[in-house]
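query_34.cif follows (mmCIF, C-alpha atoms and all ligand atoms):
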data_start
loop_
_atom_site.label_atom_id
_atom_site.label_comp_id
_atom_site.auth_asym_id
_atom_site.auth_seq_id
_atom_site.Cartn_x
_atom_site.Cartn_y
_atom_site.Cartn_z
CA MET A 1 50.47 -129.34 194.05
CA ALA A 2 53.00 -127.08 192.47
CA ALA A 3 51.76 -123.54 191.96
CA ALA A 4 51.09 -122.79 188.32
CA GLN A 5 53.70 -120.49 186.91
CA THR A 6 52.05 -117.13 186.36
CA SER A 7 53.24 -115.81 183.04
CA ARG A 8 53.58 -112.07 183.18
CA PRO A 9 52.90 -110.18 179.99
CA ALA A 10 56.07 -109.88 177.96
CA VAL A 11 57.81 -106.67 178.89
CA PRO A 12 60.02 -105.36 176.10
CA GLU A 13 63.71 -105.34 176.86
CA ASN A 14 65.49 -102.06 176.88
CA ASP A 15 67.24 -101.52 173.55
CA ARG A 16 70.89 -102.45 173.25
CA PHE A 17 72.99 -100.27 171.04
CA ASP A 18 76.38 -101.78 170.28
CA GLY A 19 76.65 -103.17 173.79
CA ILE A 20 75.19 -100.19 175.68
CA ASP A 21 71.57 -99.78 176.63
CA LEU A 22 70.08 -96.66 175.13
CA LEU A 23 68.65 -95.46 178.43
CA SER A 24 72.14 -95.31 179.98
CA LEU A 25 73.58 -93.82 176.81
CA GLY A 26 70.97 -91.08 176.98
CA ASN A 27 72.34 -90.07 180.38
CA THR A 28 75.91 -89.60 179.16
CA GLN A 29 75.34 -86.26 177.39
CA ALA A 30 72.91 -83.43 177.22
CA THR A 31 70.26 -84.26 174.65
CA PRO A 32 69.72 -84.03 171.77
CA PHE A 33 72.72 -85.88 170.34
CA TYR A 34 73.54 -88.37 167.63
CA ALA A 35 74.95 -91.80 168.45
CA TYR A 36 76.44 -94.20 165.91
CA SER A 37 77.27 -97.86 166.30
CA ALA A 38 80.81 -98.55 165.04
CA ASN A 39 80.06 -102.25 164.69
CA ALA A 40 76.91 -101.66 162.67
CA ILE A 41 78.97 -99.56 160.24
CA ARG A 42 81.78 -102.14 160.12
CA GLN A 43 79.25 -104.88 159.42
CA ARG A 44 77.75 -102.97 156.52
CA ILE A 45 81.18 -102.36 155.03
CA ALA A 46 82.24 -105.98 155.49
CA GLY A 47 78.97 -107.25 153.98
CA LEU A 48 79.45 -105.11 150.92
CA GLN A 49 83.11 -106.05 150.54
CA HIS A 50 82.17 -109.71 150.89
CA ALA A 51 79.48 -109.41 148.21
CA LEU A 52 82.03 -107.82 145.88
CA ALA A 53 84.74 -110.41 146.55
CA GLY A 54 86.37 -111.67 143.38
CA MET A 55 85.61 -108.46 141.46
CA ASP A 56 88.06 -105.63 140.89
CA ALA A 57 85.84 -103.29 142.89
CA ALA A 58 86.36 -100.23 145.07
CA VAL A 59 83.90 -98.81 147.57
CA CYS A 60 84.00 -95.01 147.88
CA PHE A 61 81.82 -93.77 150.75
CA ALA A 62 79.67 -90.78 149.79
CA VAL A 63 81.03 -88.43 152.44
CA LYS A 64 77.98 -86.17 152.37
CA ALA A 65 76.00 -88.87 154.17
CA ASN A 66 78.14 -88.53 157.28
CA PRO A 67 81.35 -86.49 157.12
CA THR A 68 82.32 -86.63 160.79
CA LEU A 69 86.04 -87.43 161.02
CA ALA A 70 85.67 -90.46 163.28
CA ILE A 71 83.17 -91.97 160.84
CA LEU A 72 85.54 -91.36 157.94
CA GLN A 73 88.28 -92.99 160.01
CA LEU A 74 86.16 -96.14 160.24
CA MET A 75 85.98 -96.05 156.44
CA ALA A 76 89.73 -95.55 156.12
CA GLU A 77 90.45 -98.44 158.50
CA ALA A 78 88.30 -100.73 156.37
CA GLY A 79 90.01 -99.70 153.14
CA VAL A 80 87.01 -97.72 151.92
CA GLY A 81 87.67 -94.65 149.76
CA ALA A 82 85.62 -91.48 149.44
CA ASP A 83 83.20 -89.92 147.00
CA ILE A 84 83.45 -86.18 147.60
CA VAL A 85 81.63 -83.12 146.27
CA SER A 86 83.61 -80.26 147.77
CA CYS A 87 87.06 -79.40 149.05
CA GLY A 88 85.65 -79.48 152.57
CA GLU A 89 84.90 -83.15 151.99
CA LEU A 90 88.32 -83.59 150.35
CA ARG A 91 90.12 -82.19 153.38
CA ARG A 92 88.03 -84.22 155.79
CA SER A 93 88.75 -87.42 153.86
CA LEU A 94 92.48 -86.77 153.73
CA ARG A 95 92.56 -85.84 157.40
CA ALA A 96 90.79 -89.09 158.27
CA GLY A 97 93.51 -91.01 156.46
CA ILE A 98 91.76 -91.89 153.20
CA PRO A 99 94.46 -91.86 150.50
CA ALA A 100 93.90 -89.35 147.68
CA SER A 101 94.12 -92.16 145.16
CA ARG A 102 90.93 -93.63 146.66
CA ILE A 103 88.98 -90.40 146.33
CA VAL A 104 86.62 -89.62 143.47
CA PHE A 105 85.38 -86.07 142.99
CA SER A 106 81.73 -85.80 141.92
CA GLY A 107 79.41 -82.80 141.74
CA VAL A 108 77.78 -80.56 139.22
CA GLY A 109 79.43 -77.29 140.23
CA LYS A 110 83.12 -77.75 141.02
CA SER A 111 84.80 -74.34 141.09
CA ASP A 112 88.18 -73.71 139.46
CA ALA A 113 89.72 -73.40 142.92
CA GLU A 114 88.28 -76.76 143.94
CA ILE A 115 89.49 -78.45 140.76
CA ALA A 116 92.98 -77.02 141.36
CA GLU A 117 93.06 -78.16 144.99
CA ALA A 118 91.87 -81.65 144.10
CA LEU A 119 94.46 -81.92 141.32
CA GLU A 120 97.16 -80.87 143.73
CA ALA A 121 96.00 -83.43 146.28
CA GLY A 122 96.11 -86.07 143.54
CA VAL A 123 92.53 -87.37 143.74
CA GLY A 124 91.92 -90.63 141.92
CA ARG A 125 89.55 -89.18 139.37
CA PHE A 126 87.06 -86.49 138.53
CA ASN A 127 83.49 -87.44 137.69
CA VAL A 128 82.83 -84.74 135.12
CA GLU A 129 79.27 -83.48 134.69
CA SER A 130 79.35 -80.92 131.87
CA ALA A 131 81.33 -79.87 128.79
CA ASP A 132 82.30 -76.64 130.55
CA GLU A 133 83.71 -78.58 133.47
CA LEU A 134 85.69 -80.79 131.09
CA GLU A 135 87.25 -77.70 129.50
CA ALA A 136 88.01 -76.24 132.94
CA LEU A 137 89.66 -79.49 133.99
CA GLN A 138 91.80 -79.47 130.83
CA ARG A 139 92.77 -75.84 131.35
CA ILE A 140 93.67 -76.18 135.04
CA ALA A 141 95.52 -79.49 134.56
CA HIS A 142 97.44 -77.92 131.65
CA GLN A 143 98.46 -74.94 133.81
CA ARG A 144 99.84 -77.37 136.37
CA ASP A 145 101.33 -79.67 133.77
CA VAL A 146 99.56 -82.73 135.15
CA ILE A 147 97.19 -85.27 133.66
CA ALA A 148 93.77 -85.52 135.27
CA ARG A 149 91.97 -88.86 135.29
CA ALA A 150 88.34 -88.33 134.44
CA ALA A 151 85.06 -90.15 134.02
CA VAL A 152 82.00 -88.78 132.31
CA ARG A 153 78.85 -88.80 134.41
CA ILE A 154 76.11 -90.21 132.25
CA ASN A 155 72.54 -89.22 132.85
CA PRO A 156 70.84 -92.46 131.76
CA ASP A 157 67.34 -90.92 131.80
CA VAL A 158 65.92 -93.53 134.16
CA ASP A 159 63.33 -92.90 136.85
CA ALA A 160 64.75 -94.24 140.13
CA ARG A 161 61.21 -94.20 141.60
CA THR A 162 62.31 -92.45 144.76
CA HIS A 163 61.49 -89.06 146.28
CA GLY A 164 61.62 -86.36 143.59
CA LYS A 165 64.13 -84.28 145.53
CA ILE A 166 66.69 -87.09 145.59
CA SER A 167 66.12 -88.51 142.11
CA THR A 168 69.04 -87.61 139.84
CA GLY A 169 69.00 -89.82 136.75
CA LYS A 170 66.25 -88.27 134.61
CA ALA A 171 67.02 -86.03 131.65
CA GLU A 172 65.29 -83.10 133.37
CA ASN A 173 67.64 -83.37 136.38
CA LYS A 174 70.74 -81.18 136.48
CA PHE A 175 73.15 -84.12 136.75
CA GLY A 176 75.49 -85.61 134.17
CA VAL A 177 75.25 -85.50 130.40
CA SER A 178 73.37 -87.55 127.82
CA ILE A 179 75.00 -90.54 126.18
CA ASP A 180 74.96 -88.59 122.89
CA GLU A 181 76.97 -85.78 124.44
CA ALA A 182 79.36 -88.20 126.15
CA ARG A 183 79.95 -89.93 122.82
CA GLN A 184 81.17 -86.59 121.47
CA TRP A 185 83.52 -86.12 124.43
CA PHE A 186 85.22 -89.40 123.61
CA ALA A 187 85.31 -88.60 119.89
CA ASP A 188 87.36 -85.47 120.49
CA ALA A 189 89.28 -86.65 123.57
CA GLY A 190 92.52 -86.18 121.60
CA ARG A 191 92.04 -82.40 121.82
CA ARG A 192 92.49 -82.48 125.57
CA GLY A 193 96.04 -83.56 126.29
CA ASN A 194 95.79 -83.08 130.05
CA VAL A 195 92.63 -85.08 130.66
CA ARG A 196 92.62 -88.84 130.46
CA LEU A 197 88.98 -89.63 129.90
CA ASP A 198 88.86 -93.33 130.68
CA GLY A 199 85.92 -93.75 133.02
CA LEU A 200 82.13 -93.84 133.07
CA HIS A 201 79.99 -92.77 136.00
CA MET A 202 76.33 -92.58 136.92
CA HIS A 203 74.22 -92.09 140.02
CA ILE A 204 70.48 -92.21 139.44
CA GLY A 205 69.20 -91.30 142.87
CA SER A 206 69.08 -92.10 146.54
CA GLN A 207 67.01 -94.33 148.85
CA ILE A 208 66.21 -96.61 145.91
CA LEU A 209 64.08 -99.55 147.00
CA GLU A 210 63.63 -101.32 143.66
CA LEU A 211 66.23 -103.16 141.65
CA GLU A 212 64.59 -102.61 138.28
CA PRO A 213 65.54 -98.93 137.76
CA MET A 214 69.10 -99.79 138.76
CA ARG A 215 69.15 -102.66 136.27
CA GLN A 216 67.80 -100.45 133.53
CA ALA A 217 70.41 -97.77 134.17
CA LEU A 218 73.19 -100.37 134.37
CA ARG A 219 72.10 -101.80 131.02
CA ARG A 220 72.28 -98.36 129.39
CA LEU A 221 75.65 -97.66 130.91
CA ALA A 222 76.97 -101.08 129.86
CA ALA A 223 75.70 -100.70 126.29
CA PHE A 224 77.57 -97.41 126.06
CA TRP A 225 80.76 -98.97 127.45
CA ARG A 226 80.54 -101.74 124.83
CA GLU A 227 80.02 -99.21 122.07
CA LEU A 228 83.02 -97.17 123.24
CA SER A 229 85.20 -100.28 123.48
CA GLU A 230 84.28 -101.29 119.95
CA ASP A 231 85.27 -97.82 118.80
CA GLY A 232 88.67 -98.31 120.40
CA HIS A 233 88.20 -96.21 123.55
CA ARG A 234 89.73 -97.80 126.59
CA ILE A 235 87.55 -97.65 129.71
CA ASP A 236 89.43 -98.38 132.93
CA SER A 237 86.77 -97.71 135.52
CA ILE A 238 83.01 -97.74 135.72
CA ASP A 239 81.38 -96.05 138.71
CA VAL A 240 77.82 -97.20 139.30
CA GLY A 241 77.07 -94.58 141.97
CA GLY A 242 75.27 -95.02 145.26
CA GLY A 243 71.58 -95.10 146.00
CA LEU A 244 70.94 -98.35 147.87
CA GLY A 245 67.92 -97.80 150.09
CA VAL A 246 67.64 -98.70 153.78
CA VAL A 247 64.88 -99.44 156.28
CA TYR A 248 63.48 -96.30 157.84
CA ARG A 249 60.19 -97.96 158.71
CA LYS A 250 60.52 -101.45 160.07
CA GLY A 251 58.15 -103.94 158.48
CA HIS A 252 57.36 -101.51 155.68
CA ASP A 253 60.50 -100.60 153.70
CA ARG A 254 61.91 -103.49 151.70
CA PRO A 255 65.41 -102.60 150.52
CA VAL A 256 67.05 -104.12 147.48
CA GLU A 257 68.99 -107.27 148.43
CA LEU A 258 72.70 -106.65 148.29
CA GLN A 259 73.40 -109.92 146.47
CA GLY A 260 70.81 -109.11 143.82
CA TYR A 261 72.30 -105.67 143.32
CA VAL A 262 75.85 -106.97 142.96
CA GLN A 263 74.59 -109.69 140.62
CA ALA A 264 72.90 -107.04 138.47
CA ILE A 265 76.21 -105.14 138.25
CA LYS A 266 78.08 -108.32 137.32
CA GLU A 267 75.55 -109.26 134.67
CA ALA A 268 75.43 -105.82 133.09
CA LEU A 269 79.20 -105.43 133.07
CA ALA A 270 80.08 -109.01 132.10
CA GLY A 271 83.43 -108.96 130.30
CA PHE A 272 84.50 -105.61 131.74
CA GLU A 273 88.07 -105.92 132.96
CA GLY A 274 88.58 -102.55 134.62
CA ARG A 275 87.63 -101.42 138.09
CA VAL A 276 84.04 -101.11 139.25
CA ILE A 277 83.44 -98.31 141.76
CA LEU A 278 80.47 -98.06 144.11
CA GLU A 279 79.58 -94.87 145.98
CA PRO A 280 77.20 -95.86 148.77
CA GLY A 281 76.48 -93.30 151.44
CA ARG A 282 73.25 -94.06 153.25
CA TYR A 283 73.62 -97.83 153.02
CA LEU A 284 76.78 -97.84 155.13
CA VAL A 285 75.68 -95.53 157.93
CA ALA A 286 71.94 -94.73 158.08
CA GLU A 287 70.75 -97.62 160.19
CA ALA A 288 73.81 -97.39 162.43
CA GLY A 289 72.68 -94.04 163.84
CA VAL A 290 70.08 -92.79 166.31
CA LEU A 291 69.17 -89.31 167.36
CA LEU A 292 68.45 -89.25 171.10
CA THR A 293 66.06 -86.56 172.23
CA ARG A 294 64.03 -85.79 175.33
CA VAL A 295 60.47 -84.69 175.74
CA ILE A 296 60.30 -81.07 176.91
CA ARG A 297 56.53 -80.64 176.98
CA VAL A 298 53.42 -82.68 176.43
CA LYS A 299 50.47 -80.68 175.19
CA GLY A 300 47.23 -81.34 173.43
CA ASN A 301 44.01 -79.99 172.09
CA ASP A 302 40.84 -81.62 170.87
CA LYS A 303 42.54 -82.56 167.60
CA ARG A 304 46.09 -83.54 168.50
CA ARG A 305 48.49 -84.61 171.23
CA PHE A 306 51.95 -83.13 170.84
CA LEU A 307 55.27 -84.23 172.23
CA VAL A 308 57.54 -81.20 172.06
CA VAL A 309 61.05 -82.66 172.06
CA ASP A 310 64.46 -81.03 172.28
CA ALA A 311 65.56 -82.09 168.77
CA ALA A 312 64.21 -80.09 165.86
CA MET A 313 64.28 -79.67 162.11
CA ASN A 314 67.66 -77.94 162.35
CA ASP A 315 69.10 -81.13 163.86
CA LEU A 316 67.30 -83.61 161.57
CA LEU A 317 65.92 -82.00 158.44
CA ARG A 318 64.75 -85.08 156.55
CA PRO A 319 61.16 -85.22 157.87
CA SER A 320 60.59 -81.53 157.09
CA LEU A 321 62.32 -81.57 153.72
CA TYR A 322 61.21 -84.90 152.29
CA ASP A 323 58.31 -85.91 154.56
CA ALA A 324 60.69 -88.71 155.49
CA TRP A 325 59.63 -91.35 157.98
CA HIS A 326 61.99 -92.26 160.83
CA ASP A 327 60.96 -94.93 163.32
CA ILE A 328 60.75 -93.38 166.78
CA GLU A 329 60.74 -95.29 170.06
CA LYS A 330 60.34 -94.34 173.66
CA VAL A 331 63.45 -95.45 175.50
CA ALA A 332 62.37 -96.58 178.94
CA SER A 333 62.73 -99.42 181.37
CA GLY A 334 60.41 -102.34 180.57
CA GLU A 335 57.32 -101.10 182.43
CA GLY A 336 57.51 -97.67 180.87
CA ARG A 337 57.23 -99.19 177.43
CA ALA A 338 54.59 -101.81 178.08
CA GLN A 339 51.65 -99.43 178.37
CA VAL A 340 48.97 -98.94 175.75
CA SER A 341 50.13 -96.57 173.03
CA VAL A 342 48.86 -93.10 172.30
CA ALA A 343 49.08 -91.19 168.99
CA TYR A 344 51.46 -88.24 169.23
CA ASP A 345 52.70 -85.62 166.82
CA ILE A 346 56.38 -85.31 167.62
CA VAL A 347 57.54 -81.75 167.08
CA GLY A 348 60.60 -79.64 167.84
CA PRO A 349 60.93 -76.20 169.41
CA VAL A 350 61.59 -74.40 166.10
CA CYS A 351 59.04 -71.76 165.22
CA GLU A 352 57.44 -73.22 162.15
CA THR A 353 54.87 -75.92 161.55
CA GLY A 354 57.29 -77.77 159.27
CA ASP A 355 59.29 -78.58 162.38
CA THR A 356 57.44 -81.88 162.71
CA LEU A 357 59.51 -85.03 163.14
CA ALA A 358 56.54 -87.40 162.98
CA THR A 359 52.76 -87.25 162.82
CA ALA A 360 50.27 -89.47 164.65
CA ARG A 361 52.97 -91.81 165.90
CA MET A 362 51.91 -94.51 168.35
CA LEU A 363 54.03 -94.45 171.52
CA PRO A 364 53.50 -95.48 175.14
CA PRO A 365 52.34 -92.48 177.18
CA CYS A 366 55.17 -89.98 177.53
CA ALA A 367 55.97 -87.25 180.03
CA ALA A 368 58.49 -84.43 180.14
CA GLY A 369 62.00 -85.83 180.56
CA ASP A 370 61.32 -89.09 178.73
CA LEU A 371 63.94 -90.19 176.22
CA LEU A 372 63.08 -90.98 172.60
CA ALA A 373 65.28 -92.64 169.98
CA ILE A 374 64.85 -91.50 166.39
CA ARG A 375 66.16 -94.33 164.24
CA GLY A 376 67.87 -94.35 160.87
CA ALA A 377 69.63 -91.10 161.70
CA GLY A 378 73.19 -92.06 160.75
CA ALA A 379 72.99 -90.67 157.20
CA TYR A 380 72.02 -87.15 156.17
CA GLY A 381 71.22 -86.31 159.81
CA ALA A 382 74.12 -84.44 161.36
CA SER A 383 75.42 -83.63 157.89
CA MET A 384 72.32 -81.64 156.96
CA SER A 385 71.91 -79.89 160.28
CA SER A 386 72.06 -76.13 160.75
CA THR A 387 71.92 -73.58 163.51
CA TYR A 388 68.47 -72.31 162.51
CA ASN A 389 66.74 -70.55 165.41
CA SER A 390 70.29 -70.08 166.81
CA ARG A 391 70.37 -73.62 168.05
CA PRO A 392 74.03 -74.76 168.19
CA LEU A 393 75.06 -77.94 166.34
CA ILE A 394 74.62 -80.96 168.56
CA ALA A 395 77.10 -83.58 169.80
CA GLU A 396 77.89 -86.90 168.14
CA VAL A 397 78.96 -90.03 169.97
CA LEU A 398 80.47 -93.27 168.66
CA VAL A 399 79.59 -96.49 170.47
CA ASP A 400 81.83 -99.53 170.09
CA ASP A 401 81.27 -102.77 171.98
CA GLY A 402 79.97 -101.35 175.22
CA ARG A 403 82.14 -98.24 175.19
CA TYR A 404 81.37 -94.80 173.90
CA ALA A 405 83.43 -91.82 172.80
CA LEU A 406 82.47 -88.27 172.03
CA ILE A 407 83.42 -87.66 168.38
CA ARG A 408 82.01 -84.17 168.07
CA ARG A 409 81.19 -82.01 171.02
CA GLY A 410 78.10 -79.88 170.95
CA GLN A 411 78.86 -76.44 169.56
CA SER A 412 79.08 -73.68 172.15
CA PHE A 413 77.35 -70.35 171.75
CA GLU A 414 80.73 -68.70 171.21
CA GLU A 415 81.58 -71.17 168.45
CA MET A 416 78.24 -70.53 166.84
CA VAL A 417 78.81 -66.79 166.61
CA ALA A 418 82.55 -66.99 165.87
CA GLY A 419 83.30 -65.05 162.71
CA GLU A 420 80.45 -62.59 163.22
CA GLN A 421 81.27 -58.99 164.07
CA ALA A 422 79.69 -55.58 164.37
CA ALA A 423 79.73 -53.56 161.12
CA THR A 424 82.46 -51.21 162.28
CA SER A 425 85.06 -51.37 159.52
CA TRP A 426 83.28 -50.01 156.48
CA ARG A 427 85.03 -49.77 153.11
CA ALA A 428 84.08 -47.66 150.16
CA LEU A 429 83.98 -49.26 146.70
N1 LIG B 501 77.11 -90.49 144.59
C1 LIG B 501 76.64 -89.29 144.22
C2 LIG B 501 77.18 -88.63 143.03
C3 LIG B 501 75.62 -88.68 144.99
O1 LIG B 501 75.15 -87.50 144.61
C4 LIG B 501 75.13 -89.34 146.15
C5 LIG B 501 74.08 -88.73 146.95
C6 LIG B 501 75.68 -90.58 146.49
C7 LIG B 501 76.67 -91.13 145.69
C8 LIG B 501 75.24 -91.34 147.70
O2 LIG B 501 73.92 -91.72 147.64
P1 LIG B 501 73.31 -92.71 148.73
O3 LIG B 501 74.05 -94.02 148.60
O4 LIG B 501 73.52 -92.12 150.06
O5 LIG B 501 71.88 -92.84 148.37
N2 LIG B 501 69.79 -85.66 151.64
C9 LIG B 501 69.09 -86.76 151.02
C10 LIG B 501 69.98 -87.62 150.17
C11 LIG B 501 70.72 -86.85 149.08
C12 LIG B 501 71.68 -87.70 148.30
C13 LIG B 501 72.55 -86.89 147.43
N3 LIG B 501 73.50 -87.63 146.68
C14 LIG B 501 68.38 -87.56 152.09
O6 LIG B 501 68.48 -87.23 153.27
O7 LIG B 501 67.68 -88.51 151.77
#
Render the structure in this file as C-alpha cells.
Ligand code: LLP
Amino acid sequence: MAAAQTSRPAVPENDRFDGIDLLSLGNTQATPFYAYSANAIRQRIAGLQHALAGMDAAVCFAVKANPTLAILQLMAEAGVGADIVSCGELRRSLRAGIPASRIVFSGVGKSDAEIAEALEAGVGRFNVESADELEALQRIAHQRDVIARAAVRINPDVDARTHGKISTGKAENKFGVSIDEARQWFADAGRRGNVRLDGLHMHIGSQILELEPMRQALRRLAAFWRELSEDGHRIDSIDVGGGLGVVYRKGHDRPVELQGYVQAIKEALAGFEGRVILEPGRYLVAEAGVLLTRVIRVKGNDKRRFLVVDAAMNDLLRPSLYDAWHDIEKVASGEGRAQVSVAYDIVGPVCETGDTLATARMLPPCAAGDLLAIRGAGAYGASMSSTYNSRPLIAEVLVDDGRYALIRRGQSFEEMVAGEQAATSWRAL
C-alpha cells in the first residue's frame, strides 16, 4: 500500500522583490536602507498612461514623494513630467532628464529667486496660489521680458476625508484661492502682460481613499472652467492634482479604482479640449518601496514586548507624524516565519517615545539580527528623512529584474557634518 502523502503545514515562501528575495537583498548593504522595485514603478506608470489613453493628458510626478535621481530617471524614461515645489526639485528633475516643458511649479511660497530660476529654465507653467504670487510672477517675467504660463490653484473647499495634516482643499487650508478670487484674476488678466493665465489647478489632499470628494472637487473645478469659457477666457490646461491613495495595510485599505478616477475626470471635463494634467506622487512609488531594517534588541516588560530596530523616525517619519500604518513583515526563511506570532511594539533607537514605527504588531518571534521589511515605503520615506540624533541619511537601492544597484549611498559622518565649522570668524554688524 502506498504511503499516504504527509502534507506538511504550508510554509510561507520567502518574499520576492523584483526578482530578488528580500533575505538576500538584506545582506547586500548595511541596514537600514530603502529598496525600490523599478518594475513596480514602471507598471504603475504604464497602468496610468493606459487608463488615460485617448485623452490629451500629461502625468507630472510629484517629486516630493521620491526625489532620488534614479527614480526621476525612471519617470523621464517613461515620458512622465514633474510637479515641483522648489528649485531643488527643479534641478533634480532637469538633471534626471525631464524636459523643462514637462515641469509644473506648484507651492504656496515660491520665492522671487525661485520664480526667476524657474522662468529661466523655461518650466511649463506656474501653479499660482495667491494674488501676491501672481504679481511677483508678472514683475519678474516683465524684468526678463518673457511670458510666464500660469494656472490658478483653486481651493474648491472640499473635505478630502484624509488625515488632517495632508488635507489641502478646505477653505481653512493655506492652499490656493477661492473661485471668487480666481474669477477676479481672470477679469483683470489684461493688466498683466507677462503672465498668460490659461490654466486651472487643484489638489485637495493626499492618500485619498474615496472617489466622492474627488468627484465633488472636479465638479466645482469644471463648473468654473465652463463659466470662464462662456465669458471668453481660453483655458488650455486643467491640472487635477495628485492624491490617489495606496494600500498601506493589506486587506484593510481600499484605494480608489484607477478606471473610476479617470472616468470621473472625463465626465467632469466632458467637452474640454485642452490638456489634462495629473500630479500623482504616492500612487506611482509608495508600494514599490520597502525599508529594510534589522532587530538590534528585543526587550519587554509586563505590559509590552519591544523590537528595537535600526531604522527610526528620522529614516521613516510617517508613523510618528501621522500615526501612519505600514505593513511590517519578518523576512526569514520559511521556518522562521511559520511560528506563532507575538505582539511587538516596533521602535527605533531615537530618544523619544514618538519613535514608534508600529504598535502591537503580530510577528513571528524575533531575535537580534532578524531582518524586517517595512512596506509602502517608496513615497515620503527617504524624502522626509533627517539626520535627527546625528544619524546619517541611509542608502537607497533600485532593484530591476533580479539585479540591484545602489542609487544613493549611505551618508558618511563627514558628509553629515560638512558645512559646519567652529565659530572662529566673527563679524561685527
Ligand atoms: N500636487 C501637489 C500640489 C501636492 O502638494 C502633492 C502632495 C501632490 C501633488 C502629490 O500628492 P500624492 O499623489 O502623493 O498624494 N508627507 C505626506 C504627504 C504630503 C503630500 C503633500 N503634497 C505623507 O507622507 O503622507
From the options A:Thr31, A:Asp21, A:Val123, A:Thr162, which residue's atoms come nearest to Val309 of chain A, counting all atoms listed in the file?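 Of the candidates, the smallest distance to Val309 of chain A is held by A:Thr31.
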Give me, as a count of residues only, the set of residues whose atoms come within 8 Å of any atom of ligand LIG 501 (chain B), counting all atoms listed in the file. 35
Given 8 Å on each side, where is the centre and what are the edge lengths in Å to one decimal of the axis-aligned box enclosing the listed atoms of segment 19-38 of chain A, as AutoDock Vina command-line options?
--center_x 74.7 --center_y -93.3 --center_z 172.7 --size_x 28.2 --size_y 35.7 --size_z 31.3
Closest-contact table, segment 156-264 of chain A side, partner segment 325-340 of chain A, 8 Å, counting only C-alpha atoms, as a tab-separated table:
residue	atom	partner	partner_atom	distance
A:Tyr248	CA	A:His326	CA	5.2
A:Arg249	CA	A:Asp327	CA	5.6
A:Lys250	CA	A:Asp327	CA	7.3
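Across A:Asp157, A:Leu90, A:Glu129, A:Thr68, the tightest approach to Ala35 of chain A is made by A:Thr68 when counting all atoms listed in the file.
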Residue neighbourhood segment 182-193 of chain A, 8 Å, only C-alpha atoms, exclusion window fewer than 3 positions, as number ranges by chain: A: 131, 138, 142, 147, 152, 154, 177-179, 196-197, 228, 233
Which of these, A:Phe272, A:Phe105, A:Phe306, A:Tyr404, has the shortest distance to Ala38 of chain A once you count only C-alpha atoms? A:Tyr404
Report the distance between atom CA of Leu284 of chain A and atom CA of Gln73 of chain A in Å, rounded to one decimal place. 13.4 Å
All residues 10 Å or closer to segment 351-354 of chain A, all atoms listed in the file, same chain fewer than 5 positions away omitted, as a ChimeraX atom specification: /A:312-313,317,319-321,323,388-389
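Counting all atoms listed in the file, the residue from A:Arg297, A:Arg125, A:Arg16, A:Arg361 that sits nearest to Gly81 of chain A is A:Arg125.
Minimum distance to Ile394 of chain A across A:Asp231, A:Glu287, A:Glu181, A:Asp310 (counting all atoms listed in the file) occurs at A:Asp310.
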Of the candidates A:Leu429, A:Val342, A:Leu52, A:Leu69, which one gets nearest to Leu278 of chain A if we count all atoms listed in the file?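 Among the listed residues, A:Leu52 lies closest to Leu278 of chain A.
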N, CA and C atoms for segment 318-329 of chain A, written as a CSV table (one decimal), in the frame of the given file, could you do that?
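Below is the file that was written, result00.csv:
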chain,number,residue,atom,x,y,z
A,318,ARG,N,65.4,-84.2,157.5
A,318,ARG,CA,64.8,-85.1,156.6
A,318,ARG,C,63.2,-85.1,156.6
A,319,PRO,N,62.6,-85.2,157.8
A,319,PRO,CA,61.2,-85.2,157.9
A,319,PRO,C,60.6,-83.9,157.3
A,320,SER,N,61.1,-82.8,157.6
A,320,SER,CA,60.6,-81.5,157.1
A,320,SER,C,60.8,-81.4,155.6
A,321,LEU,N,62.0,-81.8,155.1
A,321,LEU,CA,62.3,-81.6,153.7
A,321,LEU,C,61.7,-82.6,152.8
A,322,TYR,N,61.7,-83.8,153.2
A,322,TYR,CA,61.2,-84.9,152.3
A,322,TYR,C,60.0,-85.6,152.8
A,323,ASP,N,59.4,-85.1,153.9
A,323,ASP,CA,58.3,-85.9,154.6
A,323,ASP,C,58.8,-87.3,154.9
A,324,ALA,N,60.1,-87.4,155.3
A,324,ALA,CA,60.7,-88.7,155.5
A,324,ALA,C,60.2,-89.3,156.8
A,325,TRP,N,60.0,-90.6,156.8
A,325,TRP,CA,59.6,-91.4,158.0
A,325,TRP,C,60.9,-91.8,158.7
A,326,HIS,N,61.0,-91.6,160.0
A,326,HIS,CA,62.0,-92.3,160.8
A,326,HIS,C,61.3,-93.0,162.0
A,327,ASP,N,61.6,-94.2,162.2
A,327,ASP,CA,61.0,-94.9,163.3
A,327,ASP,C,61.4,-94.2,164.6
A,328,ILE,N,60.4,-94.1,165.5
A,328,ILE,CA,60.8,-93.4,166.8
A,328,ILE,C,60.3,-94.3,167.9
A,329,GLU,N,61.1,-94.5,168.9
A,329,GLU,CA,60.7,-95.3,170.1
A,329,GLU,C,60.9,-94.5,171.3
